[in-house]
Amino acid sequence: MRISGGTLKGRTFYPPADHWPTRPTTDFSRTALFNILNNRLDFEEVRFLDLFGGTGAHSYEIISRGCQQVVYVDKFKPAVQFVTEKARLWGIESKIRIVHSDYLLYVRSSRDQFDYIFAGPPYDLPKLDEIPDLVMHSHLLEESGLFVLEHNPRHDFCAHEHFYETRNYGQTIFTFFRHTFEKGAQ
């Protein structure tokens, strides 16, 4: 896996994910998403939550682009250990708070607020369809914040009350949610 932009651009990392219950977002899809986000977020001002953080790819990418406040959450201990080691090795540990926790426990107990939340859950997660409601009805997302859920074509959130838009990259779909927005505004 490779970082596609910013100060860490070109750095590669090789998590032993073949033995993990994770599904890393492909470099192609992640790069496409960050090209969209680049026009919508001021990375240096964003407070970011990475739910289902897995390999840490999304966290590394946003830190590389200037984000100073990242919270990475994952319940799989080897993934948490890998991201902890990579953050130390790359000298970014002051920009990322690594939380070893189940996503539900974190969402229900955290008092933090974020400008941008990304969730890349396992596609076969039994309650994946409930994640938008869980996030949007929690206090986690700032009123003007952006929530992006990665999922596959078996899920459709176009009728969700906070649906903003969807971007499709084959089997990888990113659905964007906002509390408030002007129709047609990007």
# chains A, B, ... in the order shown; residues from 1 in each chain; ligands from 1
>>> select_by_dssp(residues="chain A", states="helix (DSSP H, G or I)", output="PyMOL selection string")
chain A and resi 17-19+27-37+43-45+57-64+77-90+103-109+128-136
>>> write_last_selection(atoms="C-alpha atoms", output="PDB file, in the first residue's frame")
ATOM      1  CA  ALA A  17      -3.484  -8.075   6.472  1.00  0.00           C
ATOM      2  CA  ASP A  18      -3.778 -11.500   4.829  1.00  0.00           C
ATOM      3  CA  HIS A  19      -4.294 -12.819   8.343  1.00  0.00           C
ATOM      4  CA  ASP A  27      -4.907   2.622  -3.275  1.00  0.00           C
ATOM      5  CA  PHE A  28      -6.959   3.580  -6.359  1.00  0.00           C
ATOM      6  CA  SER A  29     -10.195   4.112  -4.403  1.00  0.00           C
ATOM      7  CA  ARG A  30      -8.473   5.924  -1.536  1.00  0.00           C
ATOM      8  CA  THR A  31      -6.663   8.265  -3.953  1.00  0.00           C
ATOM      9  CA  ALA A  32      -9.946   9.017  -5.751  1.00  0.00           C
ATOM     10  CA  LEU A  33     -11.652   9.772  -2.432  1.00  0.00           C
ATOM     11  CA  PHE A  34      -8.861  12.098  -1.340  1.00  0.00           C
ATOM     12  CA  ASN A  35      -9.033  13.924  -4.660  1.00  0.00           C
ATOM     13  CA  ILE A  36     -12.676  14.690  -3.811  1.00  0.00           C
ATOM     14  CA  LEU A  37     -11.919  15.573  -0.187  1.00  0.00           C
ATOM     15  CA  PHE A  43      -6.954  19.160   6.016  1.00  0.00           C
ATOM     16  CA  GLU A  44      -4.868  21.337   8.333  1.00  0.00           C
ATOM     17  CA  GLU A  45      -8.013  22.436  10.208  1.00  0.00           C
ATOM     18  CA  ALA A  57      -4.152   3.897   5.455  1.00  0.00           C
ATOM     19  CA  HIS A  58      -6.835   6.582   5.707  1.00  0.00           C
ATOM     20  CA  SER A  59      -5.233   8.041   8.835  1.00  0.00           C
ATOM     21  CA  TYR A  60      -1.754   8.132   7.271  1.00  0.00           C
ATOM     22  CA  GLU A  61      -3.119   9.755   4.109  1.00  0.00           C
ATOM     23  CA  ILE A  62      -4.906  12.569   5.938  1.00  0.00           C
ATOM     24  CA  ILE A  63      -1.935  13.201   8.243  1.00  0.00           C
ATOM     25  CA  SER A  64       0.313  13.312   5.178  1.00  0.00           C
ATOM     26  CA  LYS A  77      -5.206  -5.720  18.434  1.00  0.00           C
ATOM     27  CA  PRO A  78      -2.643  -6.644  15.720  1.00  0.00           C
ATOM     28  CA  ALA A  79      -3.941  -3.751  13.560  1.00  0.00           C
ATOM     29  CA  VAL A  80      -3.670  -1.350  16.506  1.00  0.00           C
ATOM     30  CA  GLN A  81      -0.107  -2.551  17.172  1.00  0.00           C
ATOM     31  CA  PHE A  82       0.822  -2.170  13.497  1.00  0.00           C
ATOM     32  CA  VAL A  83      -0.511   1.410  13.329  1.00  0.00           C
ATOM     33  CA  THR A  84       1.183   2.301  16.627  1.00  0.00           C
ATOM     34  CA  GLU A  85       4.519   1.077  15.274  1.00  0.00           C
ATOM     35  CA  LYS A  86       4.060   2.798  11.889  1.00  0.00           C
ATOM     36  CA  ALA A  87       3.154   6.112  13.585  1.00  0.00           C
ATOM     37  CA  ARG A  88       6.308   5.874  15.718  1.00  0.00           C
ATOM     38  CA  LEU A  89       8.487   4.900  12.747  1.00  0.00           C
ATOM     39  CA  TRP A  90       7.172   7.781  10.606  1.00  0.00           C
ATOM     40  CA  TYR A 103     -16.682   1.027  17.088  1.00  0.00           C
ATOM     41  CA  LEU A 104     -20.022   0.842  18.948  1.00  0.00           C
ATOM     42  CA  LEU A 105     -18.402   1.332  22.334  1.00  0.00           C
ATOM     43  CA  TYR A 106     -16.337   4.238  21.017  1.00  0.00           C
ATOM     44  CA  VAL A 107     -19.274   6.011  19.347  1.00  0.00           C
ATOM     45  CA  ARG A 108     -21.474   5.606  22.413  1.00  0.00           C
ATOM     46  CA  SER A 109     -18.846   6.688  24.964  1.00  0.00           C
ATOM     47  CA  LEU A 128     -23.465  -2.058   8.516  1.00  0.00           C
ATOM     48  CA  ASP A 129     -26.763  -0.473   7.430  1.00  0.00           C
ATOM     49  CA  GLU A 130     -27.136   1.048  10.913  1.00  0.00           C
ATOM     50  CA  ILE A 131     -23.816   2.900  10.892  1.00  0.00           C
ATOM     51  CA  PRO A 132     -25.110   6.109   9.218  1.00  0.00           C
ATOM     52  CA  ASP A 133     -27.842   6.500  11.840  1.00  0.00           C
ATOM     53  CA  LEU A 134     -25.416   5.675  14.628  1.00  0.00           C
ATOM     54  CA  VAL A 135     -22.933   8.339  13.500  1.00  0.00           C
ATOM     55  CA  MET A 136     -25.424  10.985  12.382  1.00  0.00           C
TER      56      MET A 136
END
>>> closest_atom_pairs(of="range 27-47 of chain A", to="range 113-117 of chain A", cutoff="9 Å", atoms="only C-alpha atoms", output="tab-separated table")
residue	atom	partner	partner_atom	distance
A:Leu41	CA	A:Tyr116	CA	8.4
A:Glu45	CA	A:Asp115	CA	8.7
A:Val46	CA	A:Asp115	CA	5.6
A:Arg47	CA	A:Phe114	CA	4.9
>>> residues_around(residues="range 143-158 of chain A", least_positions_apart="3", cutoff="7 Å", atoms="only C-alpha atoms", output="ChimeraX atom specification")
/A:114-120,123,163,171-180
>>> closest_residue(among="A:Val73, A:Ile92, A:Leu8, A:Leu141", to="Thr55 in chain A", atoms="only C-alpha atoms")
A:Val73
>>> decode(residues="range 7-140 of chain A", atoms="C-alpha atoms", output="CSV table (one decimal), in the first residue's frame")
chain,number,residue,atom,x,y,z
A,7,THR,CA,4.5,14.9,3.1
A,8,LEU,CA,4.5,11.1,3.3
A,9,LYS,CA,3.7,10.7,-0.4
A,10,GLY,CA,5.3,7.6,-1.9
A,11,ARG,CA,5.9,5.8,1.4
A,12,THR,CA,4.8,2.2,1.4
A,13,PHE,CA,3.6,0.0,4.1
A,14,TYR,CA,2.9,-3.7,4.1
A,15,PRO,CA,0.5,-4.8,6.9
A,16,PRO,CA,0.2,-8.5,7.4
A,17,ALA,CA,-3.5,-8.1,6.5
A,18,ASP,CA,-3.8,-11.5,4.8
A,19,HIS,CA,-4.3,-12.8,8.3
A,20,TRP,CA,-6.5,-10.0,9.6
A,21,PRO,CA,-10.3,-9.6,9.6
A,22,THR,CA,-9.9,-6.4,7.6
A,23,ARG,CA,-10.4,-5.3,4.0
A,24,PRO,CA,-8.0,-2.5,3.2
A,25,THR,CA,-9.4,0.2,0.8
A,26,THR,CA,-7.5,-0.1,-2.5
A,27,ASP,CA,-4.9,2.6,-3.3
A,28,PHE,CA,-7.0,3.6,-6.4
A,29,SER,CA,-10.2,4.1,-4.4
A,30,ARG,CA,-8.5,5.9,-1.5
A,31,THR,CA,-6.7,8.3,-4.0
A,32,ALA,CA,-9.9,9.0,-5.8
A,33,LEU,CA,-11.7,9.8,-2.4
A,34,PHE,CA,-8.9,12.1,-1.3
A,35,ASN,CA,-9.0,13.9,-4.7
A,36,ILE,CA,-12.7,14.7,-3.8
A,37,LEU,CA,-11.9,15.6,-0.2
A,38,ASN,CA,-9.1,17.9,-1.2
A,39,ASN,CA,-11.7,20.2,-2.7
A,40,ARG,CA,-14.0,20.0,0.3
A,41,LEU,CA,-11.8,20.0,3.4
A,42,ASP,CA,-9.0,22.1,4.8
A,43,PHE,CA,-7.0,19.2,6.0
A,44,GLU,CA,-4.9,21.3,8.3
A,45,GLU,CA,-8.0,22.4,10.2
A,46,VAL,CA,-9.9,19.1,10.3
A,47,ARG,CA,-10.4,16.9,13.3
A,48,PHE,CA,-10.7,13.4,11.9
A,49,LEU,CA,-12.1,10.1,13.2
A,50,ASP,CA,-11.1,6.9,11.4
A,51,LEU,CA,-13.6,4.2,12.5
A,52,PHE,CA,-12.7,0.7,11.6
A,53,GLY,CA,-9.2,2.1,11.1
A,54,GLY,CA,-7.6,-1.3,10.1
A,55,THR,CA,-4.2,-0.8,8.4
A,56,GLY,CA,-4.3,2.9,9.1
A,57,ALA,CA,-4.2,3.9,5.5
A,58,HIS,CA,-6.8,6.6,5.7
A,59,SER,CA,-5.2,8.0,8.8
A,60,TYR,CA,-1.8,8.1,7.3
A,61,GLU,CA,-3.1,9.8,4.1
A,62,ILE,CA,-4.9,12.6,5.9
A,63,ILE,CA,-1.9,13.2,8.2
A,64,SER,CA,0.3,13.3,5.2
A,65,ARG,CA,-1.9,16.0,3.8
A,66,GLY,CA,-1.7,18.2,6.9
A,67,CYS,CA,-4.2,17.0,9.4
A,68,GLN,CA,-2.9,17.4,13.0
A,69,GLN,CA,-5.8,15.8,14.9
A,70,VAL,CA,-6.6,12.2,14.1
A,71,VAL,CA,-8.3,9.5,16.2
A,72,TYR,CA,-7.9,6.0,14.9
A,73,VAL,CA,-10.3,3.3,16.3
A,74,ASP,CA,-10.1,-0.4,15.7
A,75,LYS,CA,-10.8,-3.4,17.9
A,76,PHE,CA,-8.3,-5.8,16.3
A,77,LYS,CA,-5.2,-5.7,18.4
A,78,PRO,CA,-2.6,-6.6,15.7
A,79,ALA,CA,-3.9,-3.8,13.6
A,80,VAL,CA,-3.7,-1.3,16.5
A,81,GLN,CA,-0.1,-2.6,17.2
A,82,PHE,CA,0.8,-2.2,13.5
A,83,VAL,CA,-0.5,1.4,13.3
A,84,THR,CA,1.2,2.3,16.6
A,85,GLU,CA,4.5,1.1,15.3
A,86,LYS,CA,4.1,2.8,11.9
A,87,ALA,CA,3.2,6.1,13.6
A,88,ARG,CA,6.3,5.9,15.7
A,89,LEU,CA,8.5,4.9,12.7
A,90,TRP,CA,7.2,7.8,10.6
A,91,GLY,CA,7.3,10.3,13.4
A,92,ILE,CA,3.6,11.1,13.3
A,93,GLU,CA,2.6,9.8,16.8
A,94,SER,CA,1.8,13.4,18.0
A,95,LYS,CA,-0.9,13.7,15.3
A,96,ILE,CA,-2.7,10.4,15.9
A,97,ARG,CA,-4.5,9.1,19.0
A,98,ILE,CA,-4.8,5.3,18.6
A,99,VAL,CA,-7.8,3.8,20.4
A,100,HIS,CA,-8.2,0.0,20.8
A,101,SER,CA,-12.0,-0.3,20.9
A,102,ASP,CA,-15.0,-1.6,19.3
A,103,TYR,CA,-16.7,1.0,17.1
A,104,LEU,CA,-20.0,0.8,18.9
A,105,LEU,CA,-18.4,1.3,22.3
A,106,TYR,CA,-16.3,4.2,21.0
A,107,VAL,CA,-19.3,6.0,19.3
A,108,ARG,CA,-21.5,5.6,22.4
A,109,SER,CA,-18.8,6.7,25.0
A,110,SER,CA,-16.7,9.3,23.2
A,111,ARG,CA,-17.1,13.0,24.0
A,112,ASP,CA,-15.0,14.1,21.0
A,113,GLN,CA,-16.4,15.9,18.0
A,114,PHE,CA,-15.0,15.7,14.5
A,115,ASP,CA,-15.2,17.6,11.2
A,116,TYR,CA,-14.7,14.5,9.1
A,117,ILE,CA,-15.5,10.9,10.0
A,118,PHE,CA,-14.6,7.9,7.8
A,119,ALA,CA,-15.9,4.4,8.4
A,120,GLY,CA,-14.6,1.5,6.4
A,121,PRO,CA,-16.3,-1.5,8.1
A,122,PRO,CA,-16.1,-5.1,6.9
A,123,TYR,CA,-18.6,-5.4,4.1
A,124,ASP,CA,-20.2,-8.4,5.8
A,125,LEU,CA,-20.7,-6.5,9.2
A,126,PRO,CA,-24.2,-7.5,10.3
A,127,LYS,CA,-25.2,-4.0,11.3
A,128,LEU,CA,-23.5,-2.1,8.5
A,129,ASP,CA,-26.8,-0.5,7.4
A,130,GLU,CA,-27.1,1.0,10.9
A,131,ILE,CA,-23.8,2.9,10.9
A,132,PRO,CA,-25.1,6.1,9.2
A,133,ASP,CA,-27.8,6.5,11.8
A,134,LEU,CA,-25.4,5.7,14.6
A,135,VAL,CA,-22.9,8.3,13.5
A,136,MET,CA,-25.4,11.0,12.4
A,137,HIS,CA,-27.5,10.7,15.6
A,138,SER,CA,-24.5,10.8,17.9
A,139,HIS,CA,-22.7,14.0,19.0
A,140,LEU,CA,-19.5,13.0,17.1
